[in-house]
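One structure below.
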Amino acid sequence: MGNLSSLTNLALLDNELNGAIPVEMNNITHLTSLQLGDNNFIGHLPKEICLGGALENFSVNGNNFTGPIPKSLKNCTSLFRVRLEKKQFTGDIDESFGVYPNLNFIDLSSNNFYGEIYEKWGQCHMLTHLNISNNNISGAIPLQLAKAIQLGQLDLSANHLTRKIPKELGTLPLLFKLLLGNNNLSGSIPSKLGNLSKLEILDFALNNLSSAIPKQLGNFWKLLSLNLSVNRFVDTIPNEIGNMRNLRSLDLSQNMLTGEIPSLLEELQKLEMLNLSHNELSGNIPHTFDNMRSLTLVDISDNQLEGPLPNIRAFNSFEEFQNNKDLCSNNITHHLKPCSSNGKKANKFSLLIIIVLIVSTLVFLFAFVIVAYFLFQKLIKRKVKSPEAEVNLFAICSHDGELLYEHIILGIDNFDPKHYIGAGGYGTVYKAELPTGQVLAVKKLHSSKDGDMANLKLSEARFML
């Protein structure tokens with residue numbers, strides 16, 4: 001094999017080859033593609049595997065290689081696609097790899113790399129896939145990763161990463177898969193991640209993330225899977241999650257979420273798996289769950305939920321809804337207390353009573369306002385008329401006595417008996433109504449012994465309103 005000095009492409013994929021790679025492979029300096037994946041090779045990789053500087057496609061995954069990455073591979077700037085996953089490779093990841101201007105795909109998952117992710121990965125401007133999951137990487141996620149603007153998949157899960165999620169990741173326009181789960185990340189989810197409109201898979205599970213779940217996640221209208229489980233998220237489940245119409249899997253379990261389950265989850269008609277267990281959710285399960293026929297697996301256990309359990313096939317195991325406050329079901333296979341058949345009727349009747357009381361109160365208040373308004377207007381009119389009447393009467397009495405006398409005589413029809421009221425020791429009393437509407441009691445005095453009183457004079461008349 002070492003004598004094939006002009007060999008450019010060697011593919012031994014999916015066989016049952018074993019043993020170590022011959023050191024003579026170092027003599028093949030024109031290799032552009034070396035694919036040894038899915039065999040049983042052991043030992044170390046050839047030290048000068050990229051001696052000629054032409055290697056582009058290097059795939060040795062699915063074997064039993066061990067040891068460090070060859071130095072020639074670190075400086076192999078021609079690399080385009082690299083697969084080293086599921087091995088026992090070791091070494092400081094910062095020192096094992098360089099800058100690869102043509103690199104498009106690299107998978108280093110399930111190895112024993114350690115150290116921090118160096119910022120030079122952001123200089124791989126053609127990189128679309130970066131997977132360093134299941135290693136022993138520590139430190140923070142470098143902000144400079146956002147400079148790899150072609151990134152579509154970023155998987156840093158199952159490491160020991162710390163600090164916050166860089167908001168700069170929200171500037172990666174082509175990112176559709178972001179996996180940062182099973183680390184020690186803290187802080188909140190940056191709202192700027194809501195700009196990742198092409199995102200299809202998001203996994204932040206098993207971290208120390210806190211605060212509320214940002215509403216901006218509702219912008220992920222292409223999202224298929226969302227996993228935020230085993231964190232310390234608080235507050236309510238945002239209604240905006242209902243905007244993820246293509247969502248198949250939603251896991252918010254083992255957080256500190258409160259409030260009710262949003263009824264807008266009904267909009268997730270493609271949802272197959274829903275896990276809200278081990279939170280502090282309360283209230284009734286929305287009846288709209290009855291319409292979510294695509295659900296095949298639901299876990300709402302260990303909350304404070306109450307009321308009827310939706311009648312859908314997804315609730316088929318007691319463990320999926322146990323340890324709640326007061327759930328009920330008329331399905332005997334659920335092993336819950338039966339729901340009251342009159343419950344809904346009672347609720348409707350109570351609602352009807354409340355509505356009647358509210359309407360009656362409003363009608364009463366309206367009638368009261370109307371009556372009060374008219375009474376007030378009548379009182380105003382009386383107050384306006386009364387002073388005028390008093391002034392007119394005063395004017396008549398003080399300045400126009402003759403006119404008053406005539407009005408009184410006319411008001412009693414010249415002392416007609418039909419206006420008679422009564423008699424006293426000094427005269428007879430008559431009822432007189434003036435043209436102004438005022439009513440007077442007029443006493444006509446008896447004639448004196450000398451008989452010299454022939455006519456009623458104003459000064460001899462007594463009247464009252």
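We name chains A, B, ... following the order of the structure tokens; residues begin at 1 in each chain, and ligands are numbered from 1 as shown.
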If we count only C-alpha atoms, what is near Asp416 (chain A) at a cut-off of 10 Å, once residues fewer than 5 positions away on the same chain are taken out, given as a short mmCIF file (atom, residue, chain, number, x, y, z; two decimals) with N, CA, C and O atoms, in the first residue's frame?
```cif
data_model
loop_
_atom_site.label_atom_id
_atom_site.label_comp_id
_atom_site.auth_asym_id
_atom_site.auth_seq_id
_atom_site.Cartn_x
_atom_site.Cartn_y
_atom_site.Cartn_z
N ILE A 409 -111.03 90.16 43.19
CA ILE A 409 -112.47 90.19 42.97
C ILE A 409 -112.83 89.21 41.86
O ILE A 409 -113.80 88.44 41.95
N LEU A 410 -112.00 89.21 40.79
CA LEU A 410 -112.26 88.27 39.69
C LEU A 410 -112.03 86.83 40.13
O LEU A 410 -112.73 85.92 39.70
N GLY A 411 -111.01 86.62 41.01
CA GLY A 411 -110.70 85.27 41.46
C GLY A 411 -111.78 84.64 42.31
O GLY A 411 -111.88 83.41 42.40
N TYR A 430 -112.87 83.48 51.74
CA TYR A 430 -113.09 82.93 50.41
C TYR A 430 -111.74 82.49 49.82
O TYR A 430 -110.69 83.04 50.16
N LYS A 431 -111.84 81.57 48.85
CA LYS A 431 -110.66 81.08 48.11
C LYS A 431 -110.59 81.79 46.77
O LYS A 431 -111.52 81.70 45.97
#
```
Practice prompt. May I ask which of the residues A:Phe364, A:Phe415, A:Phe89, A:Phe374 is the closest one to Ser110 (chain A), counting only C-alpha atoms?
Written response: A:Phe89
Worksheet item: Hey, which of A:Ile141, A:Val442, A:Ala314, A:Leu274 ends up closest to Arg293 (chain A)? Count only C-alpha atoms.
Response: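 For Arg293 (chain A), the nearest of the candidates is A:Ala314.
Distance annotation: of A:Leu271, A:Ile332, A:Leu127, A:Leu257, the residue with the minimal separation from Asn303 (chain A) is A:Leu257; atom set is only C-alpha atoms.
Look at Ser263 (chain A): the protein and nucleic acid residues within 12 Å of it, using only C-alpha atoms and passing over chain neighbours fewer than 4 places away, are Ile237, Pro238, Asn239, Glu240, Ile241, Gly242, Gly259, Glu267, Leu268, Gly283, Asn284, Ile285, Pro286, His287, Thr288, Phe289, Asp290, Asn291 and Met292 of chain A.
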Could those selected residues go to a file with N, CA and C atoms, as a short mmCIF file (atom, residue, chain, number, x, y, z; two decimals), in the first residue's frame?
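Contents of part_32.cif, freshly written:
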```cif
data_model
loop_
_atom_site.label_atom_id
_atom_site.label_comp_id
_atom_site.auth_asym_id
_atom_site.auth_seq_id
_atom_site.Cartn_x
_atom_site.Cartn_y
_atom_site.Cartn_z
N ILE A 237 -45.74 29.56 31.00
CA ILE A 237 -45.40 29.11 29.64
C ILE A 237 -45.92 30.18 28.67
N PRO A 238 -45.06 30.79 27.86
CA PRO A 238 -45.53 31.87 26.97
C PRO A 238 -46.51 31.37 25.92
N ASN A 239 -47.55 32.15 25.68
CA ASN A 239 -48.54 31.80 24.66
C ASN A 239 -47.92 31.69 23.28
N GLU A 240 -46.81 32.42 23.09
CA GLU A 240 -46.18 32.47 21.77
C GLU A 240 -45.69 31.10 21.30
N ILE A 241 -45.57 30.14 22.22
CA ILE A 241 -45.17 28.80 21.80
C ILE A 241 -46.21 28.22 20.83
N GLY A 242 -47.44 28.71 20.95
CA GLY A 242 -48.48 28.26 20.03
C GLY A 242 -48.23 28.64 18.59
N GLY A 259 -48.48 28.88 36.84
CA GLY A 259 -49.63 29.31 36.05
C GLY A 259 -50.30 28.15 35.35
N GLU A 267 -52.95 25.03 19.02
CA GLU A 267 -52.49 25.34 17.66
C GLU A 267 -51.40 24.39 17.19
N LEU A 268 -50.80 23.65 18.10
CA LEU A 268 -49.71 22.73 17.73
C LEU A 268 -50.31 21.40 17.27
N GLY A 283 -54.35 24.87 37.87
CA GLY A 283 -55.57 25.07 37.09
C GLY A 283 -55.98 23.84 36.31
N ASN A 284 -56.96 24.03 35.45
CA ASN A 284 -57.47 22.93 34.63
C ASN A 284 -56.63 22.73 33.37
N ILE A 285 -56.62 21.52 32.89
CA ILE A 285 -56.01 21.25 31.59
C ILE A 285 -56.97 21.77 30.52
N PRO A 286 -56.52 22.61 29.58
CA PRO A 286 -57.44 23.18 28.59
C PRO A 286 -58.24 22.09 27.86
N HIS A 287 -59.55 22.33 27.73
CA HIS A 287 -60.39 21.36 27.03
C HIS A 287 -60.02 21.25 25.56
N THR A 288 -59.24 22.25 25.07
CA THR A 288 -58.81 22.21 23.67
C THR A 288 -57.85 21.05 23.40
N PHE A 289 -57.31 20.44 24.46
CA PHE A 289 -56.45 19.27 24.28
C PHE A 289 -57.20 18.14 23.59
N ASP A 290 -58.52 18.14 23.70
CA ASP A 290 -59.30 17.08 23.06
C ASP A 290 -59.13 17.10 21.55
N ASN A 291 -58.71 18.24 21.01
CA ASN A 291 -58.55 18.37 19.56
C ASN A 291 -57.15 18.03 19.08
N MET A 292 -56.23 17.75 20.01
CA MET A 292 -54.84 17.49 19.63
C MET A 292 -54.65 15.99 19.39
#
```
Practice prompt. Would you please work out which residue, of A:Thr333, A:Gly43, A:Ile355, A:Leu10, is nearest to Pro22 (chain A) when using only C-alpha atoms?
Written response: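 Checking each candidate against Pro22 (chain A), we get A:Gly43 as the closest.
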Tell me, as a PDB file with all heavy atoms, in the first residue's frame, which residues lie within 8 Å of Ile42 (chain A), counting only C-alpha atoms; anything in the same chain fewer than 4 positions away does not count.
```pdb
ATOM      1  N   ASN A  18      -9.391  -4.980  10.428  1.00  0.00           N
ATOM      2  CA  ASN A  18      -8.912  -4.734  11.790  1.00  0.00           C
ATOM      3  C   ASN A  18      -7.406  -4.532  11.779  1.00  0.00           C
ATOM      4  O   ASN A  18      -6.765  -4.497  10.733  1.00  0.00           O
ATOM      5  CB  ASN A  18      -9.303  -5.885  12.722  1.00  0.00           C
ATOM      6  CG  ASN A  18      -8.884  -7.239  12.187  1.00  0.00           C
ATOM      7  OD1 ASN A  18      -7.741  -7.407  11.721  1.00  0.00           O
ATOM      8  ND2 ASN A  18      -9.779  -8.214  12.225  1.00  0.00           N
ATOM      9  N   GLY A  19      -6.871  -4.395  12.971  1.00  0.00           N
ATOM     10  CA  GLY A  19      -5.436  -4.163  13.084  1.00  0.00           C
ATOM     11  C   GLY A  19      -5.100  -2.689  12.979  1.00  0.00           C
ATOM     12  O   GLY A  19      -5.975  -1.817  12.919  1.00  0.00           O
ATOM     13  N   ALA A  20      -3.831  -2.368  12.945  1.00  0.00           N
ATOM     14  CA  ALA A  20      -3.350  -0.990  12.886  1.00  0.00           C
ATOM     15  C   ALA A  20      -3.135  -0.556  11.447  1.00  0.00           C
ATOM     16  O   ALA A  20      -2.978  -1.372  10.536  1.00  0.00           O
ATOM     17  CB  ALA A  20      -2.046  -0.865  13.671  1.00  0.00           C
ATOM     18  N   ILE A  21      -3.144   0.749  11.251  1.00  0.00           N
ATOM     19  CA  ILE A  21      -2.868   1.307   9.926  1.00  0.00           C
ATOM     20  C   ILE A  21      -1.353   1.237   9.695  1.00  0.00           C
ATOM     21  O   ILE A  21      -0.570   1.702  10.531  1.00  0.00           O
ATOM     22  CB  ILE A  21      -3.345   2.765   9.844  1.00  0.00           C
ATOM     23  CG1 ILE A  21      -4.837   2.846  10.126  1.00  0.00           C
ATOM     24  CG2 ILE A  21      -3.036   3.360   8.480  1.00  0.00           C
ATOM     25  CD1 ILE A  21      -5.707   2.138   9.121  1.00  0.00           C
ATOM     26  N   ASN A  63     -14.333   3.297  14.453  1.00  0.00           N
ATOM     27  CA  ASN A  63     -13.238   2.359  14.656  1.00  0.00           C
ATOM     28  C   ASN A  63     -12.799   2.412  16.131  1.00  0.00           C
ATOM     29  O   ASN A  63     -13.543   2.914  16.990  1.00  0.00           O
ATOM     30  CB  ASN A  63     -12.068   2.689  13.729  1.00  0.00           C
ATOM     31  CG  ASN A  63     -12.347   2.279  12.291  1.00  0.00           C
ATOM     32  OD1 ASN A  63     -12.230   1.112  11.947  1.00  0.00           O
ATOM     33  ND2 ASN A  63     -12.716   3.248  11.451  1.00  0.00           N
ATOM     34  N   ASN A  64     -11.656   1.918  16.410  1.00  0.00           N
ATOM     35  CA  ASN A  64     -11.159   1.896  17.793  1.00  0.00           C
ATOM     36  C   ASN A  64      -9.809   2.594  17.910  1.00  0.00           C
ATOM     37  O   ASN A  64      -8.953   2.188  18.688  1.00  0.00           O
ATOM     38  CB  ASN A  64     -11.033   0.448  18.287  1.00  0.00           C
ATOM     39  CG  ASN A  64     -12.373  -0.266  18.317  1.00  0.00           C
ATOM     40  OD1 ASN A  64     -13.323   0.204  18.922  1.00  0.00           O
ATOM     41  ND2 ASN A  64     -12.455  -1.418  17.646  1.00  0.00           N
ATOM     42  N   PHE A  65      -9.638   3.648  17.139  1.00  0.00           N
ATOM     43  CA  PHE A  65      -8.400   4.413  17.220  1.00  0.00           C
ATOM     44  C   PHE A  65      -8.291   5.113  18.580  1.00  0.00           C
ATOM     45  O   PHE A  65      -9.291   5.479  19.201  1.00  0.00           O
ATOM     46  CB  PHE A  65      -8.347   5.464  16.110  1.00  0.00           C
ATOM     47  CG  PHE A  65      -8.194   4.877  14.735  1.00  0.00           C
ATOM     48  CD1 PHE A  65      -9.191   5.014  13.779  1.00  0.00           C
ATOM     49  CD2 PHE A  65      -7.035   4.197  14.400  1.00  0.00           C
ATOM     50  CE1 PHE A  65      -9.039   4.485  12.515  1.00  0.00           C
ATOM     51  CE2 PHE A  65      -6.873   3.657  13.127  1.00  0.00           C
ATOM     52  CZ  PHE A  65      -7.873   3.795  12.181  1.00  0.00           C
ATOM     53  N   THR A  66      -7.072   5.316  19.003  1.00  0.00           N
ATOM     54  CA  THR A  66      -6.804   6.008  20.263  1.00  0.00           C
ATOM     55  C   THR A  66      -5.661   7.003  20.056  1.00  0.00           C
ATOM     56  O   THR A  66      -5.081   7.080  18.980  1.00  0.00           O
ATOM     57  CB  THR A  66      -6.413   5.009  21.372  1.00  0.00           C
ATOM     58  OG1 THR A  66      -5.249   4.277  20.953  1.00  0.00           O
ATOM     59  CG2 THR A  66      -7.555   4.045  21.667  1.00  0.00           C
TER      60      THR A  66
END
```
Worksheet entry | Backbone-only DSSP, alpha helix (DSSP H) members of region 207-395 of chain A, as a PyMOL selection string | chain A and resi 343-395
Item to complete: Have a look at CA of Asn27 (chain A) and CA of Phe41 (chain A) and let me know their distance in Å, one decimal.
Response: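 Computed distance, CA of Asn27 (chain A) to CA of Phe41 (chain A), equals 19.3 Å.
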Worksheet entry | 6 Å contact set for Ser225 (chain A), only C-alpha atoms, chain neighbours under 5 positions out, as a list of chain:residue names | A:Ile201, A:Leu247, A:Arg248, A:Ser249
Practice prompt. Please provide as number ranges by chain all residues within 9 Å of Asn26 (chain A), with the sequence filter that same-chain residues fewer than 5 positions apart are discarded (counting only C-alpha atoms).
Written response: A: 2, 46-51
Keeping all heavy atoms, export the residues of the selection given above as a CSV table (one decimal), in the first residue's frame.
```csv
chain,number,residue,atom,x,y,z
A,2,GLY,N,2.0,1.2,0.7
A,2,GLY,CA,2.9,2.4,0.8
A,2,GLY,C,3.5,2.7,-0.5
A,2,GLY,O,4.1,3.8,-0.7
A,46,PRO,N,-1.7,7.5,11.4
A,46,PRO,CA,-0.4,7.8,10.9
A,46,PRO,C,0.0,9.3,11.1
A,46,PRO,O,-0.8,10.2,10.9
A,46,PRO,CB,-0.6,7.5,9.4
A,46,PRO,CG,-1.7,6.5,9.3
A,46,PRO,CD,-2.6,6.9,10.4
A,47,LYS,N,1.2,9.5,11.6
A,47,LYS,CA,1.6,10.9,12.0
A,47,LYS,C,1.7,11.8,10.8
A,47,LYS,O,1.4,13.0,10.9
A,47,LYS,CB,3.0,10.8,12.6
A,47,LYS,CG,2.9,10.1,14.0
A,47,LYS,CD,4.3,10.1,14.6
A,47,LYS,CE,4.3,9.5,16.0
A,47,LYS,NZ,5.7,9.5,16.7
A,48,GLU,N,2.0,11.3,9.6
A,48,GLU,CA,2.2,12.2,8.5
A,48,GLU,C,1.0,12.0,7.5
A,48,GLU,O,1.2,12.0,6.3
A,48,GLU,CB,3.5,11.9,7.8
A,48,GLU,CG,4.7,12.1,8.7
A,48,GLU,CD,4.8,13.5,9.3
A,48,GLU,OE1,4.3,14.4,8.7
A,48,GLU,OE2,5.4,13.6,10.4
A,49,ILE,N,-0.2,11.8,8.0
A,49,ILE,CA,-1.3,11.5,7.1
A,49,ILE,C,-1.6,12.6,6.1
A,49,ILE,O,-2.2,12.4,5.0
A,49,ILE,CB,-2.5,11.1,8.0
A,49,ILE,CG1,-3.6,10.4,7.1
A,49,ILE,CG2,-3.1,12.4,8.6
A,49,ILE,CD1,-3.2,9.1,6.7
A,50,CYS,N,-1.2,13.8,6.4
A,50,CYS,CA,-1.4,14.9,5.5
A,50,CYS,C,-0.1,15.6,5.1
A,50,CYS,O,0.0,16.8,5.0
A,50,CYS,CB,-2.4,16.0,6.1
A,50,CYS,SG,-3.0,17.3,5.0
A,51,LEU,N,0.9,14.7,4.9
A,51,LEU,CA,2.2,15.3,4.6
A,51,LEU,C,2.2,16.0,3.3
A,51,LEU,O,2.9,17.1,3.2
A,51,LEU,CB,3.2,14.1,4.6
A,51,LEU,CG,4.7,14.5,4.3
A,51,LEU,CD1,5.2,15.4,5.4
A,51,LEU,CD2,5.6,13.3,4.2
```
Fill in: Shell around Gly139 (chain A) at 8 Å using only C-alpha atoms, local window under 2 positions removed, as a ChimeraX atom specification
/A:115-117,137,141,160-163
Worksheet item: Residues of region 8-214 of chain A in strand (DSSP E or B) according to DSSP, as JSON, numbers by chain?
Response: {"A": [9, 10, 11, 18, 19, 20, 33, 34, 35, 40, 41, 42, 43, 57, 58, 59, 64, 65, 66, 67, 81, 82, 83, 88, 89, 90, 91, 92, 105, 106, 107, 112, 113, 114, 115, 116, 129, 130, 131, 136, 137, 138, 139, 153, 154, 155, 160, 161, 177, 178, 179, 186, 187, 201, 202, 203, 208, 209, 210, 211, 212]}
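Between CA of Phe376 (chain A) and CA of Gln438 (chain A) there is a distance of 23.4 Å.
Atom pair CA of Leu156 (chain A) / CA of Asn135 (chain A): separated by 8.8 Å.
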